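Asker: My structure is in structure_20.pdb, and what it holds is PDB, C-alpha atoms:
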```
MODEL        1
ATOM      1  CA  MET M   1      84.517  35.680  36.782
ATOM      2  CA  ASN M   2      84.314  36.010  33.036
ATOM      3  CA  LYS M   3      84.029  32.274  32.771
ATOM      4  CA  ARG M   4      81.097  32.313  35.193
ATOM      5  CA  VAL M   5      79.384  35.058  33.203
ATOM      6  CA  LEU M   6      80.043  33.175  30.058
ATOM      7  CA  PHE M   7      78.591  30.050  31.586
ATOM      8  CA  LEU M   8      75.433  31.859  32.699
ATOM      9  CA  VAL M   9      75.007  33.459  29.304
ATOM     10  CA  ALA M  10      75.424  30.051  27.717
ATOM     11  CA  VAL M  11      72.820  28.463  30.024
ATOM     12  CA  LEU M  12      70.352  31.297  29.420
ATOM     13  CA  SER M  13      70.773  31.035  25.667
ATOM     14  CA  LEU M  14      70.143  27.310  25.718
ATOM     15  CA  SER M  15      66.966  27.829  27.779
ATOM     16  CA  LEU M  16      65.630  30.387  25.309
ATOM     17  CA  LEU M  17      66.543  28.101  22.486
ATOM     18  CA  ALA M  18      64.647  25.248  24.132
ATOM     19  CA  GLY M  19      61.612  27.537  24.449
ATOM     20  CA  SER M  20      61.692  28.403  20.800
ATOM     21  CA  PHE M  21      61.857  24.723  19.962
ATOM     22  CA  ALA M  22      58.666  24.134  22.011
ATOM     23  CA  ALA M  23      56.544  26.325  19.731
ATOM     24  CA  PRO M  24      56.656  24.022  16.615
ATOM     25  CA  GLY M  25      55.018  21.233  18.722
ATOM     26  CA  SER M  26      51.493  22.532  17.638
ATOM     27  CA  THR M  27      50.989  21.814  13.992
ATOM     28  CA  SER M  28      48.127  20.870  11.561
ATOM     29  CA  ASP M  29      47.439  18.970   8.428
ATOM     30  CA  ALA M  30      44.419  18.533   6.089
ATOM     31  CA  ALA M  31      42.438  15.356   5.549
ATOM     32  CA  ASP M  32      40.174  14.834   2.565
ATOM     33  CA  VAL M  33      36.442  14.358   3.257
ATOM     34  CA  ASN M  34      34.359  12.586   0.653
ATOM     35  CA  ILE M  35      30.614  12.059   0.997
ATOM     36  CA  ASP M  36      28.681  10.186  -1.674
ATOM     37  CA  ILE M  37      24.885  10.577  -1.625
ATOM     38  CA  ASN M  38      23.445   7.845  -3.740
ATOM     39  CA  GLU M  39      20.714   8.389  -6.236
ATOM     40  CA  TYR M  40      17.416   7.495  -4.605
ATOM     41  CA  VAL M  41      14.193   6.944  -6.497
ATOM     42  CA  SER M  42      11.197   5.253  -4.913
ATOM     43  CA  ILE M  43       7.548   4.807  -5.761
ATOM     44  CA  SER M  44       5.090   3.203  -3.400
ATOM     45  CA  PRO M  45       1.310   2.847  -3.544
ATOM     46  CA  LEU M  46      -0.854   4.846  -1.168
ATOM     47  CA  GLY M  47      -3.716   2.414  -1.666
ATOM     48  CA  ASP M  48      -4.101  -1.239  -2.581
ATOM     49  CA  SER M  49      -2.790  -0.792  -6.135
ATOM     50  CA  LYS M  50      -6.124  -1.806  -7.534
ATOM     51  CA  ILE M  51      -8.671   0.141  -9.531
ATOM     52  CA  ASN M  52     -12.212  -1.203  -9.437
ATOM     53  CA  PHE M  53     -15.041  -0.507 -11.825
ATOM     54  CA  LEU M  54     -18.659  -1.561 -11.450
ATOM     55  CA  ILE M  55     -20.735  -1.508 -14.612
ATOM     56  CA  GLU M  56     -24.299  -1.583 -13.383
ATOM     57  CA  ASN M  57     -25.917  -1.074 -16.760
ATOM     58  CA  PRO M  58     -23.855  -2.649 -19.546
ATOM     59  CA  LYS M  59     -26.414  -1.604 -22.133
ATOM     60  CA  ALA M  60     -26.143   2.088 -21.369
ATOM     61  CA  THR M  61     -22.456   2.236 -20.450
ATOM     62  CA  ASP M  62     -19.938   2.681 -23.239
ATOM     63  CA  GLU M  63     -17.261   4.188 -21.054
ATOM     64  CA  THR M  64     -16.763   5.130 -17.421
ATOM     65  CA  ASP M  65     -15.249   8.096 -15.673
ATOM     66  CA  PHE M  66     -11.564   7.969 -14.780
ATOM     67  CA  LYS M  67     -10.702   6.380 -11.445
ATOM     68  CA  THR M  68      -7.342   6.978  -9.837
ATOM     69  CA  GLU M  69      -4.887   5.008  -7.728
ATOM     70  CA  MET M  70      -2.398   7.283  -5.971
ATOM     71  CA  TYR M  71       1.313   6.757  -5.355
ATOM     72  CA  LYS M  72       4.073   8.415  -3.350
ATOM     73  CA  VAL M  73       7.238   9.254  -5.238
ATOM     74  CA  GLU M  74      10.438  10.035  -3.344
ATOM     75  CA  CYS M  75      13.533  11.108  -5.182
ATOM     76  CA  ASN M  76      16.672  13.132  -4.666
ATOM     77  CA  ARG M  77      16.939  14.228  -8.258
ATOM     78  CA  GLN M  78      14.569  15.302 -10.958
ATOM     79  CA  VAL M  79      12.649  12.301 -12.339
ATOM     80  CA  ASP M  80      10.239  11.506 -15.145
ATOM     81  CA  VAL M  81       7.017   9.545 -14.637
ATOM     82  CA  SER M  82       5.665   7.286 -17.346
ATOM     83  CA  LEU M  83       3.015   4.612 -17.831
ATOM     84  CA  SER M  84       3.010   1.378 -19.759
ATOM     85  CA  PRO M  85       0.723   0.896 -21.542
ATOM     86  CA  TYR M  86       0.100   4.557 -22.066
ATOM     87  CA  GLY M  87      -3.097   4.835 -23.993
ATOM     88  CA  ARG M  88      -5.722   2.206 -24.686
ATOM     89  CA  ILE M  89      -5.620  -1.555 -24.631
ATOM     90  CA  TYR M  90      -8.100  -4.294 -25.386
ATOM     91  CA  ILE M  91      -9.085  -6.630 -22.584
ATOM     92  CA  GLY M  92     -10.735 -10.008 -23.021
ATOM     93  CA  PRO M  93     -12.728 -12.162 -22.587
ATOM     94  CA  ALA M  94     -15.316  -9.443 -22.240
ATOM     95  CA  MET M  95     -14.889  -7.045 -25.119
ATOM     96  CA  PHE M  96     -13.893  -3.670 -23.831
ATOM     97  CA  GLY M  97     -10.870  -1.448 -23.589
ATOM     98  CA  LEU M  98      -9.009   0.373 -20.869
ATOM     99  CA  GLU M  99      -7.581   3.839 -21.195
ATOM    100  CA  PHE M 100      -4.740   4.990 -18.974
ATOM    101  CA  LYS M 101      -3.452   8.424 -18.092
ATOM    102  CA  ILE M 102      -1.070   9.798 -15.523
ATOM    103  CA  TYR M 103      -2.797  11.755 -12.802
ATOM    104  CA  HIS M 104      -0.753  14.615 -11.447
ATOM    105  CA  GLY M 105      -1.898  17.492  -9.324
ATOM    106  CA  GLY M 106      -5.516  17.272 -10.360
ATOM    107  CA  GLU M 107      -4.896  16.812 -14.060
ATOM    108  CA  TYR M 108      -5.109  13.785 -16.322
ATOM    109  CA  ILE M 109      -2.151  13.747 -18.665
ATOM    110  CA  ALA M 110      -2.535  11.794 -21.869
ATOM    111  CA  GLN M 111       0.055  10.406 -24.205
ATOM    112  CA  GLY M 112       1.540  13.140 -26.293
ATOM    113  CA  ASP M 113       1.012  15.808 -23.658
ATOM    114  CA  SER M 114       3.886  17.345 -21.757
ATOM    115  CA  PRO M 115       5.971  14.710 -19.962
ATOM    116  CA  ILE M 116       5.597  14.486 -16.216
ATOM    117  CA  THR M 117       8.725  15.699 -14.432
ATOM    118  CA  LEU M 118       9.019  15.802 -10.664
ATOM    119  CA  ASP M 119      11.532  17.863  -8.717
ATOM    120  CA  PRO M 120      13.591  16.274  -5.939
ATOM    121  CA  GLY M 121      11.510  15.643  -2.857
ATOM    122  CA  GLU M 122       8.435  13.747  -1.771
ATOM    123  CA  HIS M 123       5.342  13.738  -3.962
ATOM    124  CA  ASP M 124       2.013  12.201  -3.063
ATOM    125  CA  ASN M 125      -0.005  13.721  -5.871
ATOM    126  CA  VAL M 126       0.924  11.238  -8.585
ATOM    127  CA  GLY M 127      -1.379   8.476  -9.725
ATOM    128  CA  ILE M 128      -2.534   6.064 -12.357
ATOM    129  CA  ALA M 129      -5.860   7.035 -13.879
ATOM    130  CA  ALA M 130      -7.875   4.437 -15.734
ATOM    131  CA  ARG M 131     -11.286   4.133 -17.273
ATOM    132  CA  VAL M 132     -13.249   1.578 -19.241
ATOM    133  CA  THR M 133     -13.640   2.578 -22.868
ATOM    134  CA  PRO M 134     -14.575   1.042 -26.193
ATOM    135  CA  ALA M 135     -11.824  -1.320 -27.245
ATOM    136  CA  PRO M 136      -9.579   0.097 -29.931
ATOM    137  CA  ASN M 137      -9.094  -1.553 -33.300
ATOM    138  CA  PHE M 138     -12.059  -3.889 -33.060
ATOM    139  CA  PRO M 139     -14.844  -3.215 -35.563
ATOM    140  CA  ASP M 140     -17.561  -5.113 -33.699
ATOM    141  CA  GLN M 141     -18.505  -5.319 -30.062
ATOM    142  CA  THR M 142     -15.975  -2.654 -29.220
ATOM    143  CA  GLN M 143     -17.619  -1.608 -26.012
ATOM    144  CA  ILE M 144     -19.322  -3.101 -23.038
ATOM    145  CA  ASP M 145     -22.760  -4.268 -24.063
ATOM    146  CA  LEU M 146     -25.210  -7.089 -23.447
ATOM    147  CA  ASN M 147     -22.885  -9.584 -25.132
ATOM    148  CA  ASP M 148     -20.591  -9.276 -22.132
ATOM    149  CA  GLN M 149     -21.587 -11.820 -19.548
ATOM    150  CA  PRO M 150     -22.012 -10.639 -15.962
ATOM    151  CA  GLY M 151     -19.001 -11.323 -13.829
ATOM    152  CA  THR M 152     -15.762  -9.896 -12.509
ATOM    153  CA  TYR M 153     -12.811  -9.490 -14.824
ATOM    154  CA  LEU M 154      -9.488  -9.077 -13.013
ATOM    155  CA  ILE M 155      -6.442  -7.978 -14.964
ATOM    156  CA  ASN M 156      -3.351  -8.417 -12.804
ATOM    157  CA  ASN M 157      -0.521  -5.943 -13.386
ATOM    158  CA  ALA M 158      -2.586  -4.236 -16.064
ATOM    159  CA  VAL M 159      -0.553  -1.050 -15.991
ATOM    160  CA  THR M 160       2.959  -0.142 -14.855
ATOM    161  CA  ILE M 161       4.000   3.255 -13.554
ATOM    162  CA  THR M 162       7.716   3.948 -13.859
ATOM    163  CA  VAL M 163       9.870   6.641 -12.306
ATOM    164  CA  SER M 164      13.195   7.148 -14.023
TER     165      SER M 164
ATOM    166  CA  MET O   1      49.163 -14.197 -18.933
ATOM    167  CA  ASN O   2      47.850 -13.921 -15.356
ATOM    168  CA  LYS O   3      48.003 -10.162 -15.611
ATOM    169  CA  ARG O   4      45.894 -10.282 -18.765
ATOM    170  CA  LEU O   5      43.339 -12.463 -17.034
ATOM    171  CA  LEU O   6      43.299 -10.136 -14.049
ATOM    172  CA  PHE O   7      42.756  -7.164 -16.344
ATOM    173  CA  LEU O   8      39.814  -8.836 -18.080
ATOM    174  CA  VAL O   9      38.217  -9.730 -14.759
ATOM    175  CA  ALA O  10      38.635  -6.146 -13.613
ATOM    176  CA  VAL O  11      37.060  -4.754 -16.784
ATOM    177  CA  LEU O  12      34.177  -7.202 -16.524
ATOM    178  CA  SER O  13      33.578  -6.323 -12.890
ATOM    179  CA  LEU O  14      33.504  -2.617 -13.689
ATOM    180  CA  SER O  15      31.042  -3.222 -16.511
ATOM    181  CA  LEU O  16      28.715  -5.157 -14.228
ATOM    182  CA  LEU O  17      29.045  -2.447 -11.617
ATOM    183  CA  SER O  18      28.087   0.257 -14.086
ATOM    184  CA  VAL O  19      25.053  -1.752 -15.185
ATOM    185  CA  SER O  20      23.881  -2.285 -11.622
ATOM    186  CA  LEU O  21      24.358   1.383 -10.827
ATOM    187  CA  ALA O  22      22.306   2.366 -13.867
ATOM    188  CA  ALA O  23      19.435   0.160 -12.781
ATOM    189  CA  LEU O  24      19.150   2.036  -9.501
ATOM    190  CA  GLY O  25      17.925   5.122 -11.330
ATOM    191  CA  THR O  26      14.628   3.581 -12.391
ATOM    192  CA  THR O  27      11.884   2.004 -10.359
ATOM    193  CA  SER O  28       8.340   0.968 -11.104
ATOM    194  CA  THR O  29       5.240  -0.651  -9.705
ATOM    195  CA  THR O  30       2.004  -1.969 -11.130
ATOM    196  CA  ALA O  31      -1.717  -1.663 -10.567
ATOM    197  CA  ASP O  32      -4.437  -4.238 -11.067
ATOM    198  CA  ILE O  33      -7.686  -3.444 -12.784
ATOM    199  CA  GLU O  34     -10.927  -5.124 -11.788
ATOM    200  CA  VAL O  35     -14.057  -4.593 -13.852
ATOM    201  CA  THR O  36     -17.314  -6.019 -12.579
ATOM    202  CA  ILE O  37     -20.161  -6.216 -15.032
ATOM    203  CA  ALA O  38     -23.436  -6.572 -13.215
ATOM    204  CA  GLU O  39     -26.244  -8.801 -14.361
ATOM    205  CA  TYR O  40     -28.644  -6.770 -16.425
ATOM    206  CA  VAL O  41     -32.256  -7.738 -17.242
ATOM    207  CA  SER O  42     -34.801  -5.444 -18.796
ATOM    208  CA  ILE O  43     -38.264  -6.093 -20.247
ATOM    209  CA  SER O  44     -39.959  -3.709 -22.657
ATOM    210  CA  VAL O  45     -43.556  -4.327 -23.703
ATOM    211  CA  SER O  46     -44.105  -3.014 -27.192
ATOM    212  CA  ASP O  47     -47.593  -4.301 -27.792
ATOM    213  CA  GLY O  48     -50.140  -4.960 -25.048
ATOM    214  CA  ILE O  49     -53.432  -6.844 -25.100
ATOM    215  CA  ASP O  50     -56.560  -5.227 -26.454
ATOM    216  CA  ILE O  51     -59.618  -7.430 -27.041
ATOM    217  CA  THR O  52     -62.909  -6.164 -28.363
ATOM    218  CA  VAL O  53     -65.841  -8.530 -28.578
ATOM    219  CA  GLU O  54     -68.210  -7.336 -31.290
ATOM    220  CA  ASN O  55     -70.783 -10.037 -30.941
ATOM    221  CA  PRO O  56     -70.913 -11.689 -27.532
ATOM    222  CA  ASP O  57     -73.721 -13.884 -28.651
ATOM    223  CA  SER O  58     -71.663 -15.684 -31.277
ATOM    224  CA  THR O  59     -68.253 -15.292 -29.659
ATOM    225  CA  ASN O  60     -67.338 -17.681 -26.912
ATOM    226  CA  ALA O  61     -63.681 -16.802 -26.803
ATOM    227  CA  ALA O  62     -61.468 -13.993 -28.076
ATOM    228  CA  SER O  63     -57.730 -13.457 -27.916
ATOM    229  CA  ASP O  64     -54.972 -11.033 -28.761
ATOM    230  CA  THR O  65     -51.208 -11.296 -28.974
ATOM    231  CA  GLY O  66     -48.802  -9.010 -27.208
ATOM    232  CA  THR O  67     -45.124  -8.488 -27.843
ATOM    233  CA  PHE O  68     -42.246  -7.732 -25.503
ATOM    234  CA  THR O  69     -38.480  -7.643 -25.723
ATOM    235  CA  VAL O  70     -35.987  -8.928 -23.189
ATOM    236  CA  ASP O  71     -32.575  -7.305 -22.910
ATOM    237  CA  THR O  72     -30.098  -9.184 -20.769
ATOM    238  CA  ASN O  73     -26.434 -10.084 -20.618
ATOM    239  CA  ALA O  74     -27.108 -13.201 -18.578
ATOM    240  CA  SER O  75     -27.615 -16.609 -20.087
ATOM    241  CA  GLY O  76     -29.969 -19.271 -18.765
ATOM    242  CA  LYS O  77     -32.834 -16.945 -17.960
ATOM    243  CA  THR O  78     -36.451 -17.986 -18.481
ATOM    244  CA  ILE O  79     -39.705 -16.085 -18.859
ATOM    245  CA  SER O  80     -42.885 -16.664 -16.957
ATOM    246  CA  LEU O  81     -46.319 -14.987 -17.005
ATOM    247  CA  SER O  82     -48.723 -14.349 -14.186
ATOM    248  CA  ASP O  83     -51.813 -12.298 -13.543
ATOM    249  CA  ASP O  84     -54.334 -11.616 -10.853
ATOM    250  CA  ILE O  85     -57.263 -11.147 -13.201
ATOM    251  CA  SER O  86     -60.547 -12.520 -11.910
ATOM    252  CA  TRP O  87     -63.528 -11.313 -13.862
ATOM    253  CA  SER O  88     -66.943 -12.622 -12.918
ATOM    254  CA  GLY O  89     -68.405 -14.816 -15.657
ATOM    255  CA  LEU O  90     -65.274 -14.663 -17.795
ATOM    256  CA  THR O  91     -62.216 -16.846 -17.947
ATOM    257  CA  PHE O  92     -58.855 -15.279 -18.623
ATOM    258  CA  SER O  93     -55.683 -17.169 -19.574
ATOM    259  CA  THR O  94     -52.268 -16.462 -21.091
ATOM    260  CA  THR O  95     -49.780 -18.493 -23.108
ATOM    261  CA  LEU O  96     -46.165 -17.767 -23.916
ATOM    262  CA  SER O  97     -44.620 -18.501 -27.283
ATOM    263  CA  ASP O  98     -41.149 -19.250 -25.938
ATOM    264  CA  SER O  99     -39.906 -19.146 -22.394
ATOM    265  CA  SER O 100     -36.167 -19.262 -23.038
ATOM    266  CA  VAL O 101     -34.116 -16.069 -23.186
ATOM    267  CA  THR O 102     -31.189 -15.346 -25.447
ATOM    268  CA  ALA O 103     -28.503 -13.093 -23.960
ATOM    269  CA  GLY O 104     -27.200 -10.197 -25.974
ATOM    270  CA  GLY O 105     -30.266  -7.986 -26.123
ATOM    271  CA  GLY O 106     -33.189  -7.576 -28.482
ATOM    272  CA  ASP O 107     -34.778 -10.949 -27.720
ATOM    273  CA  THR O 108     -38.408 -10.521 -28.806
ATOM    274  CA  HIS O 109     -41.235 -12.749 -27.566
ATOM    275  CA  ASN O 110     -44.983 -13.021 -28.042
ATOM    276  CA  PHE O 111     -47.665 -13.921 -25.555
ATOM    277  CA  THR O 112     -51.321 -14.516 -26.138
ATOM    278  CA  ALA O 113     -54.173 -13.601 -23.809
ATOM    279  CA  THR O 114     -57.535 -15.291 -24.203
ATOM    280  CA  VAL O 115     -60.889 -14.429 -22.721
ATOM    281  CA  SER O 116     -63.449 -17.215 -22.857
ATOM    282  CA  ASP O 117     -66.923 -18.068 -21.584
ATOM    283  CA  ILE O 118     -68.283 -14.910 -23.158
ATOM    284  CA  ASP O 119     -72.005 -14.633 -23.421
ATOM    285  CA  LEU O 120     -74.812 -12.091 -23.266
ATOM    286  CA  GLY O 121     -74.885 -12.305 -19.499
ATOM    287  CA  ASP O 122     -71.604 -10.392 -19.326
ATOM    288  CA  GLY O 123     -73.415  -7.207 -20.304
ATOM    289  CA  VAL O 124     -71.750  -4.165 -21.826
ATOM    290  CA  THR O 125     -68.552  -3.675 -19.923
ATOM    291  CA  THR O 126     -64.877  -2.831 -20.038
ATOM    292  CA  LYS O 127     -62.459  -4.943 -18.066
ATOM    293  CA  THR O 128     -58.878  -4.026 -17.325
ATOM    294  CA  GLY O 129     -56.061  -5.862 -15.679
ATOM    295  CA  GLU O 130     -52.346  -6.561 -15.788
ATOM    296  CA  VAL O 131     -50.261  -9.464 -16.921
ATOM    297  CA  THR O 132     -46.889  -9.652 -15.212
ATOM    298  CA  ILE O 133     -43.909 -10.821 -17.266
ATOM    299  CA  THR O 134     -41.042 -12.119 -15.186
ATOM    300  CA  VAL O 135     -37.534 -13.015 -16.334
ATOM    301  CA  SER O 136     -35.539 -14.922 -13.788
TER     302      SER O 136
ENDMDL
END
```
Produce structure tokens that represent the structure in this file.

Answerer:
Amino acid sequence: MNKRVLFLVAVLSLSLLAGSFAAPGSTSDAADVNIDINEYVSISPLGDSKINFLIENPKATDETDFKTEMYKVECNRQVDVSLSPYGRIYIGPAMFGLEFKIYHGGEYIAQGDSPITLDPGEHDNVGIAARVTPAPNFPDQTQIDLNDQPGTYLINNAVTITVS
Amino acid sequence: MNKRLLFLVAVLSLSLLSVSLAALGTTSTTADIEVTIAEYVSISVSDGIDITVENPDSTNAASDTGTFTVDTNASGKTISLSDDISWSGLTFSTTLSDSSVTAGGGDTHNFTATVSDIDLGDGVTTKTGEVTITVS
């Protein structure tokens, strides 16, 4: 009889022990997660990337008003906007100059003014502003006048806008 | 030796990678500029024609010279004169000193108007009219 009791006790103990061994079957571990978001900077024209001027009266016109070509800037970090050339250049064969400024939010920003900085996001209020002006550094015929033959003067890639 | 070569290749690759990554941070685009200068022609008459005949008995013809300036940026233009003057008993004519135009502005020209066939039968009168100067 004692042996039977002993046997039952032994069987019961082994069953409980097996149950306790079942609990460690649920376990966990940690895996590293790494996400890299690349730097993204984009500028794209909202128009045809061309600024047109019509000088109807070359005798009376020394300079024109600014005309603007707008761009969309998309970036995921703070960026600076710059122009090259940034100021005035001489254009031939007609003798006149072009002046460039950055257009931003309704303002024309000239060289030497506060730099243009854009926060991360999408911006469609940035542009290149240009106007016809007297050519710099030329003592004679520095502006559009009657010595400039009628015609169309196209300057390809006259100005570069850079986002960096 | 192979390990050294491998190391150099690795360093070079990393350098190129860093350069290409740096370039991603800047982007740019350009704009064209087109300036159209229109043809400009302007005529300014500075001195018109004014003829006074003091003695129509002894004066068969009288003339006066007018002056005008052409401002243009176009080359190859020429000047012509015309009028619709038709005065009874009188003959009116015009001549131009030079019909060619020089571009650049300030090109001054003279023209002469002549009235002929004047006699006492014309009476005491004042005649007016217009001479048209055309640059084309």

Asker: What do you get, as number ranges by chain, if you spell out every residue that the PyMOL selection byres ((chain M and resi 140-155) around 9) selects here?

Answerer: M: 54-55, 57-63, 90-97, 132-139, 156-158; O: 32-40, 71-75, 103-105

Asker: Taking the file as shown, find all residues satisfying the PyMOL selection byres ((chain O and resi 117-124) around 12) and write them as a PyMOL selection string.

Answerer: chain O and resi 52-63+87-93+114-116+125-127

Asker: So that I can check the surroundings of Ala130 (chain M), please list as a list in words every protein, DNA and RNA residue that reaches within 7 Å of it, counting all atoms listed in the file and ignoring chain neighbours fewer than 2 positions away.

Answerer: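 That gives Phe66, Lys67, Thr68, Leu98, Glu99, Phe100, Lys101 and Ile128 of chain M.
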
Asker: Write to file, as a compact mmCIF listing (two decimals), in the coordinates of the input, the residues of the selection just made, with C-alpha atoms.

Answerer:
```txt
# COMPACT_ATOMS: atom_id res chain seq x y z
CA PHE M 66 -11.56 7.97 -14.78
CA LYS M 67 -10.70 6.38 -11.44
CA THR M 68 -7.34 6.98 -9.84
CA LEU M 98 -9.01 0.37 -20.87
CA GLU M 99 -7.58 3.84 -21.20
CA PHE M 100 -4.74 4.99 -18.97
CA LYS M 101 -3.45 8.42 -18.09
CA ILE M 128 -2.53 6.06 -12.36
```

Asker: Excluding region 105-118 of chain M and its own-chain neighbours fewer than 5 positions away, which residues fall within 9 Å of it when counting all atoms listed in the file? Please give them as a short mmCIF file (atom, residue, chain, number, x, y, z; two decimals) with C-alpha atoms, keeping the file's coordinate frame.

Answerer:
```cif
data_model
loop_
_atom_site.label_atom_id
_atom_site.label_comp_id
_atom_site.auth_asym_id
_atom_site.auth_seq_id
_atom_site.Cartn_x
_atom_site.Cartn_y
_atom_site.Cartn_z
CA PHE M 66 -11.56 7.97 -14.78
CA VAL M 73 7.24 9.25 -5.24
CA CYS M 75 13.53 11.11 -5.18
CA ARG M 77 16.94 14.23 -8.26
CA GLN M 78 14.57 15.30 -10.96
CA VAL M 79 12.65 12.30 -12.34
CA ASP M 80 10.24 11.51 -15.14
CA VAL M 81 7.02 9.54 -14.64
CA SER M 82 5.66 7.29 -17.35
CA TYR M 86 0.10 4.56 -22.07
CA GLY M 87 -3.10 4.84 -23.99
CA PHE M 100 -4.74 4.99 -18.97
CA HIS M 123 5.34 13.74 -3.96
CA ASN M 125 0.00 13.72 -5.87
CA VAL M 126 0.92 11.24 -8.59
CA ALA M 129 -5.86 7.04 -13.88
#
```

Asker: For region 32-44 of chain M, please output as a ChimeraX atom specification all residues within 10 Å (counting only C-alpha atoms; exclusion window: fewer than 4 positions along the same chain).

Answerer: /M:49,70-79,120-124,126,161-164 /O:21-22,24-30

Asker: If you count all atoms listed in the file, which residues fall within 6 Å of Thr67 (chain O), apart from same-chain ones fewer than 6 positions away, as a count of residues only?

Answerer: 4

Asker: From the options O:Ile79, O:Ile49, O:Ala113, O:Ala31, which residue's atoms come nearest to Thr95 (chain O), counting only C-alpha atoms?

Answerer: O:Ala113
